[in-house]
Amino acid sequence: MSLSRPVISIKNLHKRYKGPSMDALKGINLNITAGEFYGILGPNAAGKTTLISLLCGLFPPTAGTITFNYNGFDNTPSAVKKIIGLVPQEIALFASLTVHENISYFGQMHGLFGRTLHKTVDGLLDRLQLEIHAGKKTSKCSGGIKRRTNLAAGMVHNPKVLVLDEPTVGVDAQSRNLIFEYLKELNRDGTTILYTTHYMNEAEELCSAVSIIDDGLVIATGTPEKLIRRCDDCNDLGELFLKLTGKALRE
């Protein structure tokens, strides 16, 4: 896979919501290259969720641009939604539907039907070890099963860019390991992944590059290894994160 061509260019991105006097994002600049596993890290209320929402076209920026640099791509909101898969922090599934029905529903929302839909859903059930749970209503499923189903729903249309917001919250070690293995496999096959997490060890293990965001600004960017080496008294990404963002509690 190539790591030389920026496929996502974010320039001077601002976002101000109605009411607040300050921007949630205050001029974000990022270049994300094809095939990267890119971590977006930050404390609560730093601007991570706002950035993800803008990337996915859920609402427009106040100022600045987000450009997807694929050949012939027109960067309209409808086009962006076709190439992005979003796995939100909250479980975005229908409690009254089964695991299989949920994944199928999201497949149909992305235009998959018939044999293509059937083959795609069966492949995801198999890869994420959900086959034995396929007939269960999600309201009856464990946190790990819901998380894996949430991931399958975000991946069902085989997006070029996968955006994951805290995808391992509340899961056991086995489910976390399975999710990691699947994401690494997708990334090796060329999927560009944007990943937010509060678990710095996850970012250090998975990400080829990270940006740390605080108060709506990027305060550090680079590979985890290089960022740690720049800090004389930091042994890992968690120590670096606390040094840059402080130890004060965020609400």
# chains A, B, ... in the order shown; residues from 1 in each chain; ligands from 1

call {"tool": "closest_atom_pairs", "arguments": {"of": "range 183-245 of chain A", "to": "range 162-177 of chain A", "cutoff": "6 Å", "atoms": "only C-alpha atoms", "output": "JSON lines"}}
result
{"residue": "A:Ile193", "atom": "CA", "partner": "A:Leu162", "partner_atom": "CA", "distance": 4.8}
{"residue": "A:Leu194", "atom": "CA", "partner": "A:Val163", "partner_atom": "CA", "distance": 4.7}
{"residue": "A:Tyr195", "atom": "CA", "partner": "A:Leu164", "partner_atom": "CA", "distance": 4.9}
{"residue": "A:Thr196", "atom": "CA", "partner": "A:Asp165", "partner_atom": "CA", "distance": 5.0}
{"residue": "A:Thr197", "atom": "CA", "partner": "A:Glu166", "partner_atom": "CA", "distance": 4.8}

call {"tool": "residues_around", "arguments": {"residues": "range 178-187 of chain A", "least_positions_apart": "4", "cutoff": "8 Å", "atoms": "only C-alpha atoms", "output": "PDB file with N, CA and C atoms, in the first residue's frame"}}
result
ATOM      1  N   GLY A  35      -4.003   4.616   3.010  1.00  0.00           N
ATOM      2  CA  GLY A  35      -3.593   3.426   3.730  1.00  0.00           C
ATOM      3  C   GLY A  35      -3.087   3.665   5.134  1.00  0.00           C
ATOM      4  N   GLU A  36      -3.184   4.893   5.637  1.00  0.00           N
ATOM      5  CA  GLU A  36      -2.732   5.150   7.005  1.00  0.00           C
ATOM      6  C   GLU A  36      -3.732   4.619   8.020  1.00  0.00           C
ATOM      7  N   PHE A  37      -3.204   4.283   9.181  1.00  0.00           N
ATOM      8  CA  PHE A  37      -4.011   3.993  10.373  1.00  0.00           C
ATOM      9  C   PHE A  37      -3.772   5.188  11.291  1.00  0.00           C
ATOM     10  N   ARG A 127     -16.210 -13.384   9.663  1.00  0.00           N
ATOM     11  CA  ARG A 127     -14.932 -12.767  10.034  1.00  0.00           C
ATOM     12  C   ARG A 127     -14.949 -12.216  11.446  1.00  0.00           C
ATOM     13  N   LEU A 128     -16.099 -11.714  11.897  1.00  0.00           N
ATOM     14  CA  LEU A 128     -16.198 -11.130  13.230  1.00  0.00           C
ATOM     15  C   LEU A 128     -16.791 -12.106  14.249  1.00  0.00           C
ATOM     16  N   ARG A 148     -19.072  -5.596  17.894  1.00  0.00           N
ATOM     17  CA  ARG A 148     -18.662  -6.234  16.646  1.00  0.00           C
ATOM     18  C   ARG A 148     -19.735  -6.061  15.573  1.00  0.00           C
ATOM     19  N   THR A 168     -13.836   0.207  21.097  1.00  0.00           N
ATOM     20  CA  THR A 168     -13.644  -0.913  22.028  1.00  0.00           C
ATOM     21  C   THR A 168     -14.132  -0.597  23.436  1.00  0.00           C
ATOM     22  N   GLN A 174     -11.074 -10.495  24.753  1.00  0.00           N
ATOM     23  CA  GLN A 174     -11.184 -11.340  23.554  1.00  0.00           C
ATOM     24  C   GLN A 174     -11.812 -10.566  22.390  1.00  0.00           C
ATOM     25  N   THR A 191      -7.449  -0.167   3.362  1.00  0.00           N
ATOM     26  CA  THR A 191      -8.440   0.746   3.926  1.00  0.00           C
ATOM     27  C   THR A 191      -7.747   1.797   4.791  1.00  0.00           C
ATOM     28  N   THR A 192      -8.049   3.054   4.543  1.00  0.00           N
ATOM     29  CA  THR A 192      -7.547   4.136   5.385  1.00  0.00           C
ATOM     30  C   THR A 192      -8.427   4.214   6.626  1.00  0.00           C
ATOM     31  N   ILE A 193      -7.806   4.202   7.804  1.00  0.00           N
ATOM     32  CA  ILE A 193      -8.560   4.153   9.057  1.00  0.00           C
ATOM     33  C   ILE A 193      -8.261   5.372   9.905  1.00  0.00           C
ATOM     34  N   LEU A 206      -1.701   0.400  17.344  1.00  0.00           N
ATOM     35  CA  LEU A 206      -2.374   0.324  16.053  1.00  0.00           C
ATOM     36  C   LEU A 206      -1.952   1.399  15.053  1.00  0.00           C
TER      37      LEU A 206
END

call {"tool": "residues_around", "arguments": {"residues": "Gly154 in chain A", "least_positions_apart": "4", "cutoff": "6 Å", "atoms": "only C-alpha atoms", "output": "VMD selection string"}}
result
chain A and resid 85 to 87

call {"tool": "write_last_selection", "arguments": {"atoms": "N, CA and C atoms", "output": "short mmCIF file (atom, residue, chain, number, x, y, z; two decimals), in the first residue's frame"}}
result
data_model
loop_
_atom_site.label_atom_id
_atom_site.label_comp_id
_atom_site.auth_asym_id
_atom_site.auth_seq_id
_atom_site.Cartn_x
_atom_site.Cartn_y
_atom_site.Cartn_z
N GLY A 85 -17.07 4.83 6.01
CA GLY A 85 -17.80 3.99 6.95
C GLY A 85 -17.61 4.56 8.34
N LEU A 86 -18.69 4.82 9.03
CA LEU A 86 -18.63 5.40 10.38
C LEU A 86 -19.07 4.37 11.41
N VAL A 87 -18.21 4.14 12.39
CA VAL A 87 -18.55 3.29 13.53
C VAL A 87 -18.57 4.20 14.76
#

call {"tool": "closest_residue", "arguments": {"among": "A:Val161, A:Ala152, A:Leu25, A:Ala34", "to": "Cys56 in chain A", "atoms": "only C-alpha atoms"}}
result
A:Val161

call {"tool": "residues_around", "arguments": {"residues": "range 219-230 of chain A", "least_positions_apart": "4", "cutoff": "6 Å", "atoms": "only C-alpha atoms", "output": "PyMOL selection string"}}
result
chain A and resi 204+208-213

call {"tool": "write_last_selection", "arguments": {"atoms": "C-alpha atoms", "output": "PDB file, in the first residue's frame"}}
result
ATOM      1  CA  GLU A 204       0.467   3.159  20.243  1.00  0.00           C
ATOM      2  CA  SER A 208       1.014   4.640  12.044  1.00  0.00           C
ATOM      3  CA  ALA A 209       0.472   8.321  12.891  1.00  0.00           C
ATOM      4  CA  VAL A 210      -1.489  10.317  15.448  1.00  0.00           C
ATOM      5  CA  SER A 211      -2.641  13.867  16.010  1.00  0.00           C
ATOM      6  CA  ILE A 212      -3.342  15.071  19.530  1.00  0.00           C
ATOM      7  CA  ILE A 213      -6.113  17.669  19.665  1.00  0.00           C
TER       8      ILE A 213
END
